[in-house]
Amino acid sequence: MARFSKLQVLDAIVSTGMVPVYYNKDVETAKKVVKACSDGGVRAFEFTNRGDFAQEVFAELVKYAAKECPEMILGIGSIVDAPTASMYIQLGANFVVGPLLNPDVAKVCNRRLVPYTPGCGSVSEIGFAQEAGCDLCKIFPAGSVGGPSFVKNVKAPMPWTMIMATGAVEPTEANLTEWFKSGVTAVGMGSKLFPKEAVAAGDWAAITALCVKALEYIRKAKA
């Protein structure tokens, strides 16, 4: 079951503005990455359901985070169907993210008061997601659906919309400033935050440093 309430989860995402997105089949590596992000100030982390036995890795991560990174809120990503969402909620997922909008997933999450952030690629999909009770909508793939310009154009007639951009997001001042000036609530960031060479070398301090700088750029852009 989730350790954090829906309000706590959304507050963490809104206040920090960044959700790292990561998958590794090796649980020890995943633990090190979560800890590195936590040390860098990250408070919401999305582990993706992208490999065989991903649920086993996630279950171990949840137990690890509760003990070693008690402020870290773990969620699950790449969820496309309700049964999978249910399984991960039972394993302790505090939020659920998907590449697409599935109303059945929304029902499962709403029943347990777990935030569901579906992937949307149009204004209509964002509207349908909001009808289904989704507070935060992910635009995905963000770079392909129109980038920061798309966000601005959605927010003009629908200023209440909360958007997380995932895809085409980089931990640089120029990139993050453009996204946040366009009106995003948060960004989801994957491989750019976890350089392969840093992970391979076990250079967790490098990942922590990237998180610190990215969060700094976000705070500056939001101000």
# chains A, B, ... in the order shown; residues from 1 in each chain; ligands from 1

call {"tool": "closest_atom_pairs", "arguments": {"of": "region 107-222 of chain A", "to": "region 47-51 of chain A", "cutoff": "12 Å", "atoms": "only C-alpha atoms", "output": "Markdown table"}}
result
| residue | atom | partner | partner_atom | distance |
| --- | --- | --- | --- | --- |
| A:Gly188 | CA | A:Phe47 | CA | 11.3 |
| A:Met189 | CA | A:Phe47 | CA | 11.5 |
| A:Gly190 | CA | A:Phe47 | CA | 10.1 |

call {"tool": "residues_around", "arguments": {"residues": "region 174-187 of chain A", "least_positions_apart": "2", "cutoff": "10 Å", "atoms": "only C-alpha atoms", "output": "PyMOL selection string"}}
result
chain A and resi 13-21+136-139+142+147-156+159+161-172+189-190+214-215+217-223

call {"tool": "select_by_dssp", "arguments": {"residues": "region 11-218 of chain A", "states": "strand (DSSP E or B)", "output": "CSV table (one decimal) with N, CA and C atoms, in the first residue's frame"}}
result
chain,number,residue,atom,x,y,z
A,18,MET,N,10.2,18.2,-10.5
A,18,MET,CA,11.0,17.2,-11.3
A,18,MET,C,10.7,15.7,-10.8
A,19,VAL,N,10.5,14.8,-11.7
A,19,VAL,CA,10.3,13.4,-11.4
A,19,VAL,C,11.3,12.6,-12.3
A,20,PRO,N,12.4,12.1,-11.7
A,20,PRO,CA,13.3,11.2,-12.4
A,20,PRO,C,12.6,10.0,-12.9
A,21,VAL,N,12.9,9.5,-14.1
A,21,VAL,CA,12.2,8.3,-14.7
A,21,VAL,C,13.4,7.3,-15.0
A,22,TYR,N,13.3,6.1,-14.3
A,22,TYR,CA,14.4,5.2,-14.4
A,22,TYR,C,14.0,3.7,-14.4
A,44,ALA,N,10.2,12.8,-5.5
A,44,ALA,CA,9.3,11.9,-6.2
A,44,ALA,C,10.0,11.2,-7.4
A,45,PHE,N,10.0,9.9,-7.4
A,45,PHE,CA,10.8,9.1,-8.3
A,45,PHE,C,10.0,8.0,-9.0
A,46,GLU,N,10.0,8.0,-10.3
A,46,GLU,CA,9.2,7.1,-11.1
A,46,GLU,C,10.1,5.9,-11.6
A,47,PHE,N,9.9,4.7,-11.1
A,47,PHE,CA,10.5,3.5,-11.6
A,47,PHE,C,9.6,2.9,-12.7
A,48,THR,N,10.2,2.6,-13.8
A,48,THR,CA,9.3,2.2,-15.0
A,48,THR,C,9.2,0.7,-15.1
A,73,ILE,N,9.3,9.6,-2.4
A,73,ILE,CA,8.0,9.0,-2.8
A,73,ILE,C,8.2,8.2,-4.1
A,74,LEU,N,8.0,6.9,-4.1
A,74,LEU,CA,8.2,6.1,-5.2
A,74,LEU,C,6.9,5.8,-6.0
A,75,GLY,N,6.9,6.0,-7.3
A,75,GLY,CA,5.8,5.7,-8.1
A,75,GLY,C,6.2,4.7,-9.2
A,76,ILE,N,5.2,4.3,-10.0
A,76,ILE,CA,5.5,3.3,-11.0
A,76,ILE,C,5.1,3.9,-12.4
A,77,GLY,N,5.9,3.7,-13.4
A,77,GLY,CA,5.6,4.3,-14.7
A,77,GLY,C,5.4,3.2,-15.8
A,96,VAL,N,0.9,6.5,-10.1
A,96,VAL,CA,1.0,5.7,-11.3
A,96,VAL,C,1.1,6.6,-12.5
A,97,VAL,N,2.0,6.3,-13.4
A,97,VAL,CA,2.2,7.1,-14.6
A,97,VAL,C,2.1,6.1,-15.9
A,116,TYR,N,-3.0,9.3,-10.6
A,116,TYR,CA,-2.7,8.7,-11.9
A,116,TYR,C,-2.4,9.8,-12.9
A,117,THR,N,-1.2,9.7,-13.5
A,117,THR,CA,-0.8,10.7,-14.5
A,117,THR,C,-0.6,10.0,-15.8
A,119,GLY,N,-0.4,9.6,-20.1
A,119,GLY,CA,0.2,10.2,-21.2
A,119,GLY,C,-0.9,10.8,-22.2
A,120,CYS,N,-0.8,12.0,-22.5
A,120,CYS,CA,-1.7,12.7,-23.4
A,120,CYS,C,-1.0,13.4,-24.6
A,136,LEU,N,-2.9,15.7,-12.6
A,136,LEU,CA,-1.7,16.0,-13.4
A,136,LEU,C,-1.6,15.1,-14.6
A,137,CYS,N,-1.5,15.8,-15.8
A,137,CYS,CA,-1.5,15.0,-17.1
A,137,CYS,C,0.0,15.1,-17.6
A,138,LYS,N,0.4,14.0,-18.2
A,138,LYS,CA,1.7,14.0,-18.8
A,138,LYS,C,1.6,14.2,-20.3
A,139,ILE,N,2.3,15.1,-20.9
A,139,ILE,CA,2.3,15.2,-22.3
A,139,ILE,C,3.5,14.3,-22.8
A,162,MET,N,-2.7,21.1,-15.2
A,162,MET,CA,-1.4,20.8,-14.6
A,162,MET,C,-0.7,19.8,-15.5
A,163,ILE,N,0.4,20.2,-16.1
A,163,ILE,CA,1.1,19.3,-17.1
A,163,ILE,C,2.5,18.9,-16.6
A,164,MET,N,2.8,17.7,-16.8
A,164,MET,CA,4.2,17.2,-16.7
A,164,MET,C,4.7,16.8,-18.1
A,165,ALA,N,5.8,17.4,-18.4
A,165,ALA,CA,6.4,17.1,-19.8
A,165,ALA,C,7.4,16.0,-19.6
A,166,THR,N,7.3,15.0,-20.4
A,166,THR,CA,8.3,13.9,-20.4
A,166,THR,C,8.7,13.6,-21.8
A,186,ALA,N,5.6,20.3,-13.9
A,186,ALA,CA,6.7,19.5,-13.6
A,186,ALA,C,7.3,18.9,-14.9
A,187,VAL,N,8.5,18.3,-14.8
A,187,VAL,CA,9.0,17.6,-15.9
A,187,VAL,C,9.4,16.2,-15.4
A,188,GLY,N,9.3,15.2,-16.3
A,188,GLY,CA,9.8,13.9,-16.1
A,188,GLY,C,11.1,13.7,-16.9
A,189,MET,N,12.2,13.3,-16.2
A,189,MET,CA,13.5,13.3,-16.9
A,189,MET,C,14.1,11.9,-16.8

call {"tool": "closest_residue", "arguments": {"among": "A:Val62, A:Leu101, A:Ala209, A:Cys109", "to": "Ser122 (chain A)", "atoms": "only C-alpha atoms"}}
result
A:Leu101

call {"tool": "closest_residue", "arguments": {"among": "A:Pro157, A:Pro70, A:Gly40, A:Gly92", "to": "Gly127 (chain A)", "atoms": "only C-alpha atoms"}}
result
A:Pro157

call {"tool": "select_by_dssp", "arguments": {"residues": "region 57-115 of chain A", "states": "alpha helix (DSSP H)", "output": "PyMOL selection string"}}
result
chain A and resi 57-68+82-91+103-111

call {"tool": "write_last_selection", "arguments": {"atoms": "N, CA, C and O atoms", "output": "tab-separated table (two decimals), in the first residue's frame"}}
result
chain	number	residue	atom	x	y	z
A	57	VAL	N	11.85	-6.00	-8.61
A	57	VAL	CA	12.80	-4.93	-8.33
A	57	VAL	C	12.09	-3.81	-7.59
A	57	VAL	O	12.59	-3.27	-6.60
A	58	PHE	N	10.89	-3.45	-8.07
A	58	PHE	CA	10.14	-2.36	-7.46
A	58	PHE	C	9.79	-2.67	-6.00
A	58	PHE	O	9.91	-1.80	-5.12
A	59	ALA	N	9.38	-3.89	-5.73
A	59	ALA	CA	9.03	-4.28	-4.36
A	59	ALA	C	10.21	-4.09	-3.42
A	59	ALA	O	10.06	-3.61	-2.28
A	60	GLU	N	11.41	-4.44	-3.88
A	60	GLU	CA	12.61	-4.26	-3.07
A	60	GLU	C	12.94	-2.78	-2.90
A	60	GLU	O	13.39	-2.35	-1.83
A	61	LEU	N	12.73	-2.01	-3.96
A	61	LEU	CA	13.00	-0.57	-3.89
A	61	LEU	C	12.11	0.12	-2.87
A	61	LEU	O	12.55	1.01	-2.15
A	62	VAL	N	10.85	-0.28	-2.83
A	62	VAL	CA	9.90	0.32	-1.89
A	62	VAL	C	10.38	0.08	-0.45
A	62	VAL	O	10.38	1.00	0.38
A	63	LYS	N	10.79	-1.14	-0.16
A	63	LYS	CA	11.27	-1.47	1.19
A	63	LYS	C	12.55	-0.69	1.50
A	63	LYS	O	12.74	-0.19	2.62
A	64	TYR	N	13.42	-0.60	0.50
A	64	TYR	CA	14.69	0.12	0.69
A	64	TYR	C	14.45	1.60	0.96
A	64	TYR	O	15.01	2.18	1.90
A	65	ALA	N	13.60	2.22	0.14
A	65	ALA	CA	13.35	3.65	0.28
A	65	ALA	C	12.71	3.99	1.62
A	65	ALA	O	13.04	5.01	2.24
A	66	ALA	N	11.81	3.14	2.08
A	66	ALA	CA	11.14	3.38	3.36
A	66	ALA	C	12.16	3.47	4.51
A	66	ALA	O	11.99	4.25	5.45
A	67	LYS	N	13.23	2.70	4.36
A	67	LYS	CA	14.25	2.67	5.41
A	67	LYS	C	15.36	3.69	5.21
A	67	LYS	O	15.75	4.39	6.14
A	68	GLU	N	15.87	3.77	3.97
A	68	GLU	CA	17.05	4.59	3.70
A	68	GLU	C	16.75	6.00	3.18
A	68	GLU	O	17.57	6.90	3.34
A	82	ALA	N	-5.20	-1.73	-16.19
A	82	ALA	CA	-5.64	-1.69	-14.80
A	82	ALA	C	-5.07	-2.81	-13.92
A	82	ALA	O	-4.68	-2.55	-12.77
A	83	PRO	N	-5.01	-4.06	-14.40
A	83	PRO	CA	-4.46	-5.12	-13.54
A	83	PRO	C	-3.02	-4.84	-13.10
A	83	PRO	O	-2.65	-5.10	-11.95
A	84	THR	N	-2.23	-4.30	-14.02
A	84	THR	CA	-0.84	-3.98	-13.67
A	84	THR	C	-0.79	-2.85	-12.66
A	84	THR	O	0.01	-2.87	-11.71
A	85	ALA	N	-1.64	-1.86	-12.84
A	85	ALA	CA	-1.71	-0.76	-11.87
A	85	ALA	C	-2.06	-1.29	-10.49
A	85	ALA	O	-1.45	-0.90	-9.49
A	86	SER	N	-3.05	-2.18	-10.43
A	86	SER	CA	-3.47	-2.76	-9.14
A	86	SER	C	-2.32	-3.49	-8.46
A	86	SER	O	-2.12	-3.37	-7.25
A	87	MET	N	-1.57	-4.26	-9.25
A	87	MET	CA	-0.45	-5.01	-8.69
A	87	MET	C	0.57	-4.08	-8.05
A	87	MET	O	1.02	-4.30	-6.92
A	88	TYR	N	0.92	-3.02	-8.78
A	88	TYR	CA	1.94	-2.11	-8.26
A	88	TYR	C	1.44	-1.29	-7.08
A	88	TYR	O	2.22	-0.97	-6.16
A	89	ILE	N	0.17	-0.96	-7.06
A	89	ILE	CA	-0.38	-0.26	-5.90
A	89	ILE	C	-0.28	-1.15	-4.66
A	89	ILE	O	0.06	-0.71	-3.56
A	90	GLN	N	-0.56	-2.43	-4.86
A	90	GLN	CA	-0.45	-3.38	-3.76
A	90	GLN	C	1.00	-3.51	-3.28
A	90	GLN	O	1.25	-3.76	-2.09
A	91	LEU	N	1.95	-3.31	-4.19
A	91	LEU	CA	3.37	-3.40	-3.83
A	91	LEU	C	3.89	-2.10	-3.21
A	91	LEU	O	5.04	-2.04	-2.78
A	103	PRO	N	-8.92	4.85	-19.05
A	103	PRO	CA	-9.89	5.14	-18.00
A	103	PRO	C	-10.00	4.05	-16.95
A	103	PRO	O	-10.34	4.33	-15.79
A	104	ASP	N	-9.72	2.80	-17.31
A	104	ASP	CA	-9.77	1.71	-16.34
A	104	ASP	C	-8.67	1.86	-15.28
A	104	ASP	O	-8.86	1.50	-14.11
A	105	VAL	N	-7.53	2.36	-15.70
A	105	VAL	CA	-6.45	2.62	-14.74
A	105	VAL	C	-6.87	3.74	-13.80
A	105	VAL	O	-6.63	3.68	-12.58
A	106	ALA	N	-7.52	4.76	-14.35
A	106	ALA	CA	-8.00	5.88	-13.52
A	106	ALA	C	-8.94	5.39	-12.43
A	106	ALA	O	-8.86	5.82	-11.28
A	107	LYS	N	-9.84	4.46	-12.78
A	107	LYS	CA	-10.80	3.93	-11.81
A	107	LYS	C	-10.08	3.22	-10.66
A	107	LYS	O	-10.41	3.40	-9.49
A	108	VAL	N	-9.10	2.39	-11.01
A	108	VAL	CA	-8.35	1.66	-10.00
A	108	VAL	C	-7.62	2.63	-9.07
A	108	VAL	O	-7.65	2.48	-7.84
A	109	CYS	N	-6.97	3.63	-9.65
A	109	CYS	CA	-6.20	4.59	-8.85
A	109	CYS	C	-7.12	5.46	-8.00
A	109	CYS	O	-6.83	5.72	-6.82
A	110	ASN	N	-8.22	5.91	-8.59
A	110	ASN	CA	-9.15	6.76	-7.84
A	110	ASN	C	-9.73	6.02	-6.63
A	110	ASN	O	-9.94	6.62	-5.57
A	111	ARG	N	-9.99	4.75	-6.82
A	111	ARG	CA	-10.56	3.95	-5.73
A	111	ARG	C	-9.63	3.92	-4.52
A	111	ARG	O	-10.07	3.84	-3.38

call {"tool": "decode", "arguments": {"residues": "region 189-200 of chain A", "atoms": "all heavy atoms", "output": "short mmCIF file (atom, residue, chain, number, x, y, z; two decimals), in the first residue's frame"}}
result
data_model
loop_
_atom_site.label_atom_id
_atom_site.label_comp_id
_atom_site.auth_asym_id
_atom_site.auth_seq_id
_atom_site.Cartn_x
_atom_site.Cartn_y
_atom_site.Cartn_z
N MET A 189 12.17 13.30 -16.20
CA MET A 189 13.47 13.27 -16.89
C MET A 189 14.12 11.89 -16.76
O MET A 189 14.23 11.35 -15.67
CB MET A 189 14.40 14.33 -16.30
CG MET A 189 15.51 14.71 -17.27
SD MET A 189 16.66 15.96 -16.61
CE MET A 189 15.59 17.12 -15.82
N GLY A 190 14.52 11.33 -17.90
CA GLY A 190 15.09 10.00 -17.92
C GLY A 190 16.58 9.94 -18.10
O GLY A 190 17.35 10.38 -17.25
N SER A 191 17.01 9.43 -19.26
CA SER A 191 18.41 9.08 -19.49
C SER A 191 19.39 10.22 -19.30
O SER A 191 20.54 10.00 -18.90
CB SER A 191 18.56 8.50 -20.90
OG SER A 191 18.11 9.42 -21.87
N LYS A 192 18.97 11.45 -19.58
CA LYS A 192 19.89 12.59 -19.46
C LYS A 192 20.32 12.82 -18.01
O LYS A 192 21.36 13.42 -17.75
CB LYS A 192 19.23 13.87 -19.99
CG LYS A 192 18.83 13.81 -21.44
CD LYS A 192 20.02 13.85 -22.36
CE LYS A 192 19.58 13.90 -23.82
NZ LYS A 192 20.73 13.92 -24.74
N LEU A 193 19.49 12.34 -17.09
CA LEU A 193 19.81 12.51 -15.67
C LEU A 193 20.67 11.36 -15.15
O LEU A 193 21.23 11.45 -14.05
CB LEU A 193 18.49 12.58 -14.88
CG LEU A 193 18.46 13.28 -13.53
CD1 LEU A 193 18.96 14.71 -13.63
CD2 LEU A 193 17.05 13.25 -12.95
N PHE A 194 20.75 10.30 -15.95
CA PHE A 194 21.50 9.11 -15.54
C PHE A 194 22.48 8.69 -16.63
O PHE A 194 22.26 7.69 -17.32
CB PHE A 194 20.53 7.95 -15.26
CG PHE A 194 19.38 8.33 -14.36
CD1 PHE A 194 18.09 8.45 -14.88
CD2 PHE A 194 19.58 8.60 -13.03
CE1 PHE A 194 17.03 8.80 -14.07
CE2 PHE A 194 18.53 8.95 -12.20
CZ PHE A 194 17.25 9.06 -12.72
N PRO A 195 23.56 9.45 -16.84
CA PRO A 195 24.52 9.10 -17.89
C PRO A 195 25.01 7.66 -17.74
O PRO A 195 25.33 7.22 -16.63
CB PRO A 195 25.66 10.10 -17.66
CG PRO A 195 25.02 11.24 -16.93
CD PRO A 195 23.96 10.64 -16.07
N LYS A 196 25.02 6.94 -18.85
CA LYS A 196 25.41 5.52 -18.81
C LYS A 196 26.79 5.34 -18.18
O LYS A 196 27.01 4.39 -17.42
CB LYS A 196 25.41 4.94 -20.23
CG LYS A 196 24.02 4.68 -20.78
CD LYS A 196 24.10 4.05 -22.17
CE LYS A 196 22.70 3.77 -22.71
NZ LYS A 196 22.75 3.20 -24.08
N GLU A 197 27.70 6.26 -18.52
CA GLU A 197 29.05 6.11 -17.99
C GLU A 197 29.09 6.29 -16.47
O GLU A 197 29.86 5.63 -15.77
CB GLU A 197 30.02 7.09 -18.67
CG GLU A 197 29.64 8.57 -18.55
CD GLU A 197 28.68 9.05 -19.63
OE1 GLU A 197 28.05 8.21 -20.30
OE2 GLU A 197 28.58 10.28 -19.79
N ALA A 198 28.24 7.17 -15.94
CA ALA A 198 28.20 7.39 -14.49
C ALA A 198 27.64 6.16 -13.78
O ALA A 198 28.17 5.72 -12.76
CB ALA A 198 27.34 8.61 -14.18
N VAL A 199 26.58 5.58 -14.35
CA VAL A 199 25.99 4.38 -13.75
C VAL A 199 26.97 3.21 -13.82
O VAL A 199 27.17 2.48 -12.84
CB VAL A 199 24.67 4.00 -14.47
CG1 VAL A 199 24.13 2.67 -13.94
CG2 VAL A 199 23.62 5.10 -14.29
N ALA A 200 27.62 3.06 -14.98
CA ALA A 200 28.57 1.96 -15.16
C ALA A 200 29.75 2.07 -14.20
O ALA A 200 30.24 1.05 -13.68
CB ALA A 200 29.07 1.94 -16.60
#
